[in-house]
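Written out below as structure tokens is the structure these notes cover.
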Amino acid sequence: MPDRRVLQSHAAPGAGGAENEGVFTGRVHRTRMDVLARYEPLVDDFEAFRAACERPLPSVVRVNTIKTTVERAREALDESGIGVEACWHDELLALPDAQPGRNWPYVHGWLHGQEEVSAVPAAVLDPAPGDRVWDACAAPGSKTTQLAALMDDRGTLVATDNNLGRISALRSNAERLGVTNVAITHEDARNHSLKPFAADGATEDVEYDAALVDVPCSCEGTVRKNPDTLDEWTLSHVEGIAGVQKGILRRAVQATRPGGTVVYSTCTFAPEENEAVLDHVLGEEPCEVVLLDLPLAHAPGVTEWDGESYDPAVANAKRIYPHHNDTGGFFCAKIEVTGA
Amino acid sequence: MTDGSAPSGDGAAGNRSHRFDRLPATTEDRRVPDRPTRTGVLEWWDERFGVDPSVFENHTFWERGSGKIWAFAGESPSPVDIEGLGVAFLRTRREHWKPTLEAVQRFGGHATRNVMALSRAEAAAFLAGEDQERDWDGDWGYLVVAHELAGEREPLGVGLYVHGELRSQVPKGRRRDFRED
């Protein structure tokens, strides 16, 4: 299936005509599938996987339960003549024929555009009202605001990002959704400091009950939303970003109290950025990768890849492929901090 | 509770544009001249909109820059130099205090006075930034503007009522044009 957006982004100025488009179509598809072909040994039904990666995704919104209920949001969409379809989670609504941002409930901050799999990690972390939670790579805030809703907008949610432009988007989303329990910090998550939030006069740093580590990644799983996301793919980029991911996850485990929970997630398939990162941190920090419940079809984490073998516990992580549930691709692991 | 004049370190008390300072509880606790107090903020919401102070019992109020008040539900020492702390909530620099759209959407459902209810068509004009001539027997000044959504009155934003006119205060970035829908 030719993708118009890819064709447009690749068409050189002045290029035109059926012949040229055919050339570009072929090159783009080979490029995308060249990258994804490396995962053929991991994927159960590679043809279905390949076909799913080439289909666009429907618009999905999450209901913001800080400001309303799922019932009232559905009613407000119905009033506006917008049809919805159910998703894997009650609070997610697919809008097959509508732009998620052009309706009254959106204007009231009742809805937030968020892909179905993007709602997985906060639901897995499932913080309680009153908890102290860190979102290590927070902008633009879809998962941050979901965490705040799960906390009933109570407790303290520290949201960190290293990019001021993206922090501006995070602030805007948090304000539109009426989140009042978030404190936003600008720093490199690998060096996250607990100091700004130490209570007055406290001599010890205050650790977190839970942390979400939804790291920057090669984004292979977002290919349905951004068809050209794989055009710049290189193995050296994957390996480079994996080093950053290891640093952020280690810092999150260190900053979380023994008995606390850390969720690690990416929107990519590369084991270098997923199971290899878990394997590294299992070797360096006192923690375990534990089983998690997920009401979505998925595959277990892989324990062998490209001549490497990983700690068997990484099989407890979940791989969500696009053809499993007609979503984007995702990876999610639940980690318990065991203490020194 | 004290306000944000640092107990040690930088000394000079005052507003700093990138720092959040917790509001003092009362004028007796105040060390920065003219800084609003928690009591003053609670009284204003009660007097202007009939919002009971208990609505804010889980929130602390912070000033960042002169007269920009934020509401935060979490815990933090004061002062704190970070990028955000809850939601921007109230502007107190001018004679007439002005709530933010975010504060009105989040807390305006508790308001019992100075709430102007609009029809759907009037709400669309308001959201598009349009000023409208209206009769109004309530106070002049800043109002909670609401309309009915999913069977209940829902606060939409801040309006300024003067001289028979409701002036939309919806910030440019939050305006939408649903007038044709």
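Each chain of the structure tokens is named A, B, ... in the order shown, its residues numbered from 1; ligands are numbered from 1 in display order.
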ask   = In region 7-141 of chain B, what's strand (DSSP E or B) per DSSP? Answer as a PyMOL selection string?
value = chain B and resi 20-22+60-63+68-72+80+84-85+87-91+98-99+115-118+132-133+141
For the residues in that selection, give me C-alpha atoms as a tab-separated table (two decimals), in the first residue's frame.
chain	number	residue	atom	x	y	z
B	20	PHE	CA	8.41	29.30	43.26
B	21	ASP	CA	7.84	30.79	46.72
B	22	ARG	CA	5.06	29.48	48.90
B	60	THR	CA	-0.77	25.06	48.54
B	61	PHE	CA	-0.33	28.37	46.70
B	62	TRP	CA	2.94	29.63	45.24
B	63	GLU	CA	4.14	32.82	43.61
B	68	LYS	CA	1.53	34.98	39.27
B	69	ILE	CA	0.01	32.46	41.66
B	70	TRP	CA	0.13	28.67	41.14
B	71	ALA	CA	-1.83	25.93	42.93
B	72	PHE	CA	-0.02	22.69	43.78
B	80	VAL	CA	12.04	25.75	44.72
B	84	GLY	CA	6.41	24.04	36.87
B	85	LEU	CA	4.47	23.46	40.09
B	87	VAL	CA	-1.28	24.88	37.55
B	88	ALA	CA	-1.14	28.63	36.99
B	89	PHE	CA	-4.11	29.71	39.04
B	90	LEU	CA	-4.52	33.45	39.65
B	91	ARG	CA	-3.08	36.82	38.63
B	98	LYS	CA	-8.03	37.41	37.63
B	99	PRO	CA	-8.34	33.63	37.70
B	115	VAL	CA	-21.25	32.33	37.01
B	116	MET	CA	-22.70	33.25	33.60
B	117	ALA	CA	-24.37	30.38	31.79
B	118	LEU	CA	-24.27	30.53	28.00
B	132	GLN	CA	-20.99	39.63	23.16
B	133	GLU	CA	-23.62	42.11	24.37
B	141	GLY	CA	-15.64	42.12	36.53
task = At a cut-off of 7 Å, list the chain B residues touching chain A, using only C-alpha atoms, as a list in words.
result = Ala71, Phe72, Ala73, Gly74, Glu75, Ser76, Pro77, Val80, Ile82, Glu83, Gly84, Leu85, Gly86, Val87, Glu102, Gln105, Arg106, Leu149, Ala150 and Leu156 of chain B
request  = Please provide as an MDAnalysis selection string all residues within 10 Å of Ala128 (chain A), with the sequence filter that same-chain residues fewer than 6 positions apart are discarded (counting only C-alpha atoms).
outcome  = chainID A and resid 147:155 209:210
Based on the selection just made, write all heavy atoms of those residues as a CSV table (one decimal), in the first residue's frame.
chain,number,residue,atom,x,y,z
A,147,LEU,N,-0.6,9.2,34.7
A,147,LEU,CA,-0.2,8.9,36.1
A,147,LEU,C,-0.9,9.8,37.1
A,147,LEU,O,-1.4,9.3,38.1
A,147,LEU,CB,1.3,9.1,36.2
A,147,LEU,CG,2.2,8.1,35.5
A,147,LEU,CD1,3.7,8.6,35.5
A,147,LEU,CD2,2.1,6.7,36.1
A,148,ALA,N,-1.0,11.1,36.8
A,148,ALA,CA,-1.7,12.0,37.7
A,148,ALA,C,-3.1,11.6,37.9
A,148,ALA,O,-3.7,11.7,39.0
A,148,ALA,CB,-1.6,13.5,37.1
A,149,ALA,N,-3.8,11.2,36.8
A,149,ALA,CA,-5.2,10.8,37.0
A,149,ALA,C,-5.3,9.5,37.8
A,149,ALA,O,-6.2,9.4,38.7
A,149,ALA,CB,-5.8,10.5,35.6
A,150,LEU,N,-4.4,8.6,37.6
A,150,LEU,CA,-4.4,7.4,38.5
A,150,LEU,C,-4.1,7.7,40.0
A,150,LEU,O,-4.6,7.0,40.9
A,150,LEU,CB,-3.3,6.4,38.0
A,150,LEU,CG,-3.6,5.7,36.7
A,150,LEU,CD1,-2.3,5.1,36.1
A,150,LEU,CD2,-4.6,4.6,36.9
A,151,MET,N,-3.4,8.8,40.2
A,151,MET,CA,-3.1,9.2,41.6
A,151,MET,C,-4.2,10.1,42.1
A,151,MET,O,-4.1,10.7,43.2
A,151,MET,CB,-1.8,10.0,41.6
A,151,MET,CG,-0.6,9.2,41.2
A,151,MET,SD,0.9,10.2,40.8
A,151,MET,CE,1.4,10.7,42.5
A,152,ASP,N,-5.3,10.3,41.3
A,152,ASP,CA,-6.4,11.1,41.7
A,152,ASP,C,-5.9,12.6,41.9
A,152,ASP,O,-6.5,13.3,42.8
A,152,ASP,CB,-7.1,10.5,42.9
A,152,ASP,CG,-8.5,11.1,43.1
A,152,ASP,OD1,-9.1,11.6,42.1
A,152,ASP,OD2,-9.1,11.0,44.2
A,153,ASP,N,-4.9,13.0,41.2
A,153,ASP,CA,-4.3,14.3,41.3
A,153,ASP,C,-3.8,14.6,42.8
A,153,ASP,O,-3.8,15.8,43.2
A,153,ASP,CB,-5.3,15.3,40.8
A,153,ASP,CG,-4.6,16.7,40.5
A,153,ASP,OD1,-3.4,16.6,40.2
A,153,ASP,OD2,-5.2,17.7,40.5
A,154,ARG,N,-3.4,13.6,43.5
A,154,ARG,CA,-2.9,13.8,44.9
A,154,ARG,C,-1.5,13.1,45.0
A,154,ARG,O,-1.2,12.3,44.2
A,154,ARG,CB,-3.9,13.1,45.9
A,154,ARG,CG,-5.2,14.0,46.0
A,154,ARG,CD,-6.0,13.4,47.2
A,154,ARG,NE,-6.8,12.2,46.7
A,154,ARG,CZ,-7.1,11.2,47.5
A,154,ARG,NH1,-6.7,11.2,48.8
A,154,ARG,NH2,-7.8,10.2,47.1
A,155,GLY,N,-0.8,13.5,46.0
A,155,GLY,CA,0.6,13.0,46.1
A,155,GLY,C,1.5,13.9,45.3
A,155,GLY,O,1.1,15.0,44.9
A,209,ASP,N,8.1,6.2,45.5
A,209,ASP,CA,7.4,4.9,45.7
A,209,ASP,C,7.4,4.2,44.3
A,209,ASP,O,7.3,3.0,44.3
A,209,ASP,CB,6.0,5.2,46.1
A,209,ASP,CG,5.9,5.8,47.5
A,209,ASP,OD1,6.5,5.3,48.4
A,209,ASP,OD2,5.3,6.9,47.6
A,210,ALA,N,7.4,5.0,43.3
A,210,ALA,CA,7.3,4.4,41.9
A,210,ALA,C,8.0,5.3,40.9
A,210,ALA,O,8.0,6.5,41.1
A,210,ALA,CB,5.8,4.2,41.6
key: Long-range neighbours of Tyr142 (chain B) as a PyMOL selection string, 7 Å cut-off, only C-alpha atoms, 4 positions minimum in chain   = chain B and resi 98+158-161
Keeping only N, CA and C atoms, write the selected residues as a PDB file, in the first residue's frame.
ATOM      1  N   LYS B  98      -7.467  38.116  38.793  1.00  0.00           N
ATOM      2  CA  LYS B  98      -8.031  37.414  37.635  1.00  0.00           C
ATOM      3  C   LYS B  98      -7.662  35.938  37.690  1.00  0.00           C
ATOM      4  N   VAL B 158     -12.903  32.169  31.471  1.00  0.00           N
ATOM      5  CA  VAL B 158     -13.055  33.425  32.205  1.00  0.00           C
ATOM      6  C   VAL B 158     -13.603  34.481  31.253  1.00  0.00           C
ATOM      7  N   GLY B 159     -14.624  35.192  31.695  1.00  0.00           N
ATOM      8  CA  GLY B 159     -15.129  36.324  30.938  1.00  0.00           C
ATOM      9  C   GLY B 159     -14.995  37.591  31.769  1.00  0.00           C
ATOM     10  N   LEU B 160     -14.897  38.747  31.088  1.00  0.00           N
ATOM     11  CA  LEU B 160     -14.883  40.039  31.782  1.00  0.00           C
ATOM     12  C   LEU B 160     -16.172  40.763  31.414  1.00  0.00           C
ATOM     13  N   TYR B 161     -17.027  41.042  32.420  1.00  0.00           N
ATOM     14  CA  TYR B 161     -18.283  41.740  32.146  1.00  0.00           C
ATOM     15  C   TYR B 161     -18.157  43.211  32.505  1.00  0.00           C
TER      16      TYR B 161
END
Selection: 10 Å around Arg174 (chain B), only C-alpha atoms, excl. self and same-chain fewer than 3 positions, as a short mmCIF file (atom, residue, chain, number, x, y, z; two decimals) with C-alpha atoms, in the first residue's frame:
data_model
loop_
_atom_site.label_atom_id
_atom_site.label_comp_id
_atom_site.auth_asym_id
_atom_site.auth_seq_id
_atom_site.Cartn_x
_atom_site.Cartn_y
_atom_site.Cartn_z
CA VAL A 107 -11.79 21.95 24.98
CA ARG A 176 -5.26 21.78 29.92
CA LEU B 101 -8.84 29.53 32.46
CA LEU B 127 -14.55 30.13 22.76
CA ALA B 128 -13.69 31.80 19.45
CA GLY B 129 -12.70 34.94 21.40
CA GLY B 157 -13.37 29.88 30.88
CA VAL B 170 -9.89 32.82 26.40
CA PRO B 171 -6.15 32.98 25.63
#
task = Extract the full set of alpha helix (DSSP H) residues from chain B according to DSSP on the backbone, and format it as a ChimeraX atom specification.
result = /B:38-49,101-107,120-127
For those residues, write N, CA and C atoms to a file as a PDB file, in the first residue's frame.
ATOM      1  N   ARG B  38      -2.205  33.175  51.706  1.00  0.00           N
ATOM      2  CA  ARG B  38      -3.129  32.061  51.502  1.00  0.00           C
ATOM      3  C   ARG B  38      -4.542  32.461  51.934  1.00  0.00           C
ATOM      4  N   THR B  39      -4.619  33.113  53.080  1.00  0.00           N
ATOM      5  CA  THR B  39      -5.921  33.553  53.574  1.00  0.00           C
ATOM      6  C   THR B  39      -6.591  34.486  52.575  1.00  0.00           C
ATOM      7  N   GLY B  40      -5.820  35.407  52.016  1.00  0.00           N
ATOM      8  CA  GLY B  40      -6.367  36.349  51.049  1.00  0.00           C
ATOM      9  C   GLY B  40      -6.889  35.646  49.797  1.00  0.00           C
ATOM     10  N   VAL B  41      -6.144  34.649  49.336  1.00  0.00           N
ATOM     11  CA  VAL B  41      -6.561  33.902  48.140  1.00  0.00           C
ATOM     12  C   VAL B  41      -7.857  33.133  48.416  1.00  0.00           C
ATOM     13  N   LEU B  42      -7.921  32.479  49.572  1.00  0.00           N
ATOM     14  CA  LEU B  42      -9.128  31.713  49.921  1.00  0.00           C
ATOM     15  C   LEU B  42     -10.340  32.643  50.054  1.00  0.00           C
ATOM     16  N   GLU B  43     -10.128  33.803  50.694  1.00  0.00           N
ATOM     17  CA  GLU B  43     -11.237  34.762  50.858  1.00  0.00           C
ATOM     18  C   GLU B  43     -11.717  35.293  49.511  1.00  0.00           C
ATOM     19  N   TRP B  44     -10.786  35.508  48.605  1.00  0.00           N
ATOM     20  CA  TRP B  44     -11.168  36.029  47.287  1.00  0.00           C
ATOM     21  C   TRP B  44     -12.055  35.037  46.537  1.00  0.00           C
ATOM     22  N   TRP B  45     -11.668  33.768  46.504  1.00  0.00           N
ATOM     23  CA  TRP B  45     -12.492  32.755  45.810  1.00  0.00           C
ATOM     24  C   TRP B  45     -13.865  32.621  46.479  1.00  0.00           C
ATOM     25  N   ASP B  46     -13.884  32.765  47.795  1.00  0.00           N
ATOM     26  CA  ASP B  46     -15.144  32.647  48.531  1.00  0.00           C
ATOM     27  C   ASP B  46     -16.042  33.851  48.233  1.00  0.00           C
ATOM     28  N   GLU B  47     -15.462  35.049  48.336  1.00  0.00           N
ATOM     29  CA  GLU B  47     -16.272  36.257  48.135  1.00  0.00           C
ATOM     30  C   GLU B  47     -16.704  36.437  46.684  1.00  0.00           C
ATOM     31  N   ARG B  48     -15.782  36.200  45.774  1.00  0.00           N
ATOM     32  CA  ARG B  48     -16.078  36.467  44.357  1.00  0.00           C
ATOM     33  C   ARG B  48     -17.004  35.391  43.759  1.00  0.00           C
ATOM     34  N   PHE B  49     -16.708  34.114  44.051  1.00  0.00           N
ATOM     35  CA  PHE B  49     -17.419  33.027  43.368  1.00  0.00           C
ATOM     36  C   PHE B  49     -18.150  32.073  44.308  1.00  0.00           C
ATOM     37  N   LEU B 101      -7.888  30.467  33.061  1.00  0.00           N
ATOM     38  CA  LEU B 101      -8.844  29.525  32.462  1.00  0.00           C
ATOM     39  C   LEU B 101      -8.703  28.153  33.115  1.00  0.00           C
ATOM     40  N   GLU B 102      -7.442  27.742  33.364  1.00  0.00           N
ATOM     41  CA  GLU B 102      -7.212  26.418  33.957  1.00  0.00           C
ATOM     42  C   GLU B 102      -7.830  26.319  35.346  1.00  0.00           C
ATOM     43  N   ALA B 103      -7.697  27.389  36.137  1.00  0.00           N
ATOM     44  CA  ALA B 103      -8.269  27.367  37.489  1.00  0.00           C
ATOM     45  C   ALA B 103      -9.786  27.285  37.431  1.00  0.00           C
ATOM     46  N   VAL B 104     -10.371  28.043  36.498  1.00  0.00           N
ATOM     47  CA  VAL B 104     -11.833  28.062  36.386  1.00  0.00           C
ATOM     48  C   VAL B 104     -12.363  26.705  35.907  1.00  0.00           C
ATOM     49  N   GLN B 105     -11.649  26.099  34.930  1.00  0.00           N
ATOM     50  CA  GLN B 105     -12.105  24.776  34.477  1.00  0.00           C
ATOM     51  C   GLN B 105     -11.959  23.732  35.586  1.00  0.00           C
ATOM     52  N   ARG B 106     -10.899  23.840  36.383  1.00  0.00           N
ATOM     53  CA  ARG B 106     -10.612  22.809  37.382  1.00  0.00           C
ATOM     54  C   ARG B 106     -11.457  23.000  38.648  1.00  0.00           C
ATOM     55  N   PHE B 107     -11.652  24.269  39.070  1.00  0.00           N
ATOM     56  CA  PHE B 107     -12.327  24.518  40.351  1.00  0.00           C
ATOM     57  C   PHE B 107     -13.654  25.274  40.203  1.00  0.00           C
ATOM     58  N   ARG B 120     -25.271  27.019  23.795  1.00  0.00           N
ATOM     59  CA  ARG B 120     -24.199  26.412  23.012  1.00  0.00           C
ATOM     60  C   ARG B 120     -23.644  27.388  21.964  1.00  0.00           C
ATOM     61  N   ALA B 121     -24.544  28.126  21.302  1.00  0.00           N
ATOM     62  CA  ALA B 121     -24.083  29.070  20.267  1.00  0.00           C
ATOM     63  C   ALA B 121     -23.274  30.209  20.894  1.00  0.00           C
ATOM     64  N   GLU B 122     -23.733  30.680  22.068  1.00  0.00           N
ATOM     65  CA  GLU B 122     -22.987  31.749  22.750  1.00  0.00           C
ATOM     66  C   GLU B 122     -21.631  31.228  23.245  1.00  0.00           C
ATOM     67  N   ALA B 123     -21.618  29.992  23.696  1.00  0.00           N
ATOM     68  CA  ALA B 123     -20.355  29.390  24.154  1.00  0.00           C
ATOM     69  C   ALA B 123     -19.366  29.267  23.000  1.00  0.00           C
ATOM     70  N   ALA B 124     -19.872  28.932  21.821  1.00  0.00           N
ATOM     71  CA  ALA B 124     -18.991  28.824  20.647  1.00  0.00           C
ATOM     72  C   ALA B 124     -18.387  30.185  20.310  1.00  0.00           C
ATOM     73  N   ALA B 125     -19.200  31.246  20.408  1.00  0.00           N
ATOM     74  CA  ALA B 125     -18.686  32.593  20.138  1.00  0.00           C
ATOM     75  C   ALA B 125     -17.638  32.979  21.185  1.00  0.00           C
ATOM     76  N   PHE B 126     -17.932  32.673  22.452  1.00  0.00           N
ATOM     77  CA  PHE B 126     -16.988  32.954  23.547  1.00  0.00           C
ATOM     78  C   PHE B 126     -15.667  32.225  23.329  1.00  0.00           C
ATOM     79  N   LEU B 127     -15.753  30.943  22.961  1.00  0.00           N
ATOM     80  CA  LEU B 127     -14.548  30.133  22.758  1.00  0.00           C
ATOM     81  C   LEU B 127     -13.720  30.640  21.576  1.00  0.00           C
TER      82      LEU B 127
END
inquiry  = Give me the residues near region 308-320 of chain A as number ranges by chain, where near means some atom within 6 Å (using only C-alpha atoms) and where sequence neighbours in that chain fewer than 2 positions away do not count.
reply    = A: 275, 279, 289-291, 298-306, 329-333
message = Residues near Tyr208 (chain A), anyone? I mean within 9 Å using only C-alpha atoms, not counting same-chain ones fewer than 2 positions away, as a PyMOL selection string.
response = chain A and resi 131-134+206+210-211+252+255-257+260-261
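Note that the spacing between CA of His59 (chain B) and CA of Val32 (chain B) amounts to 21.0 Å.
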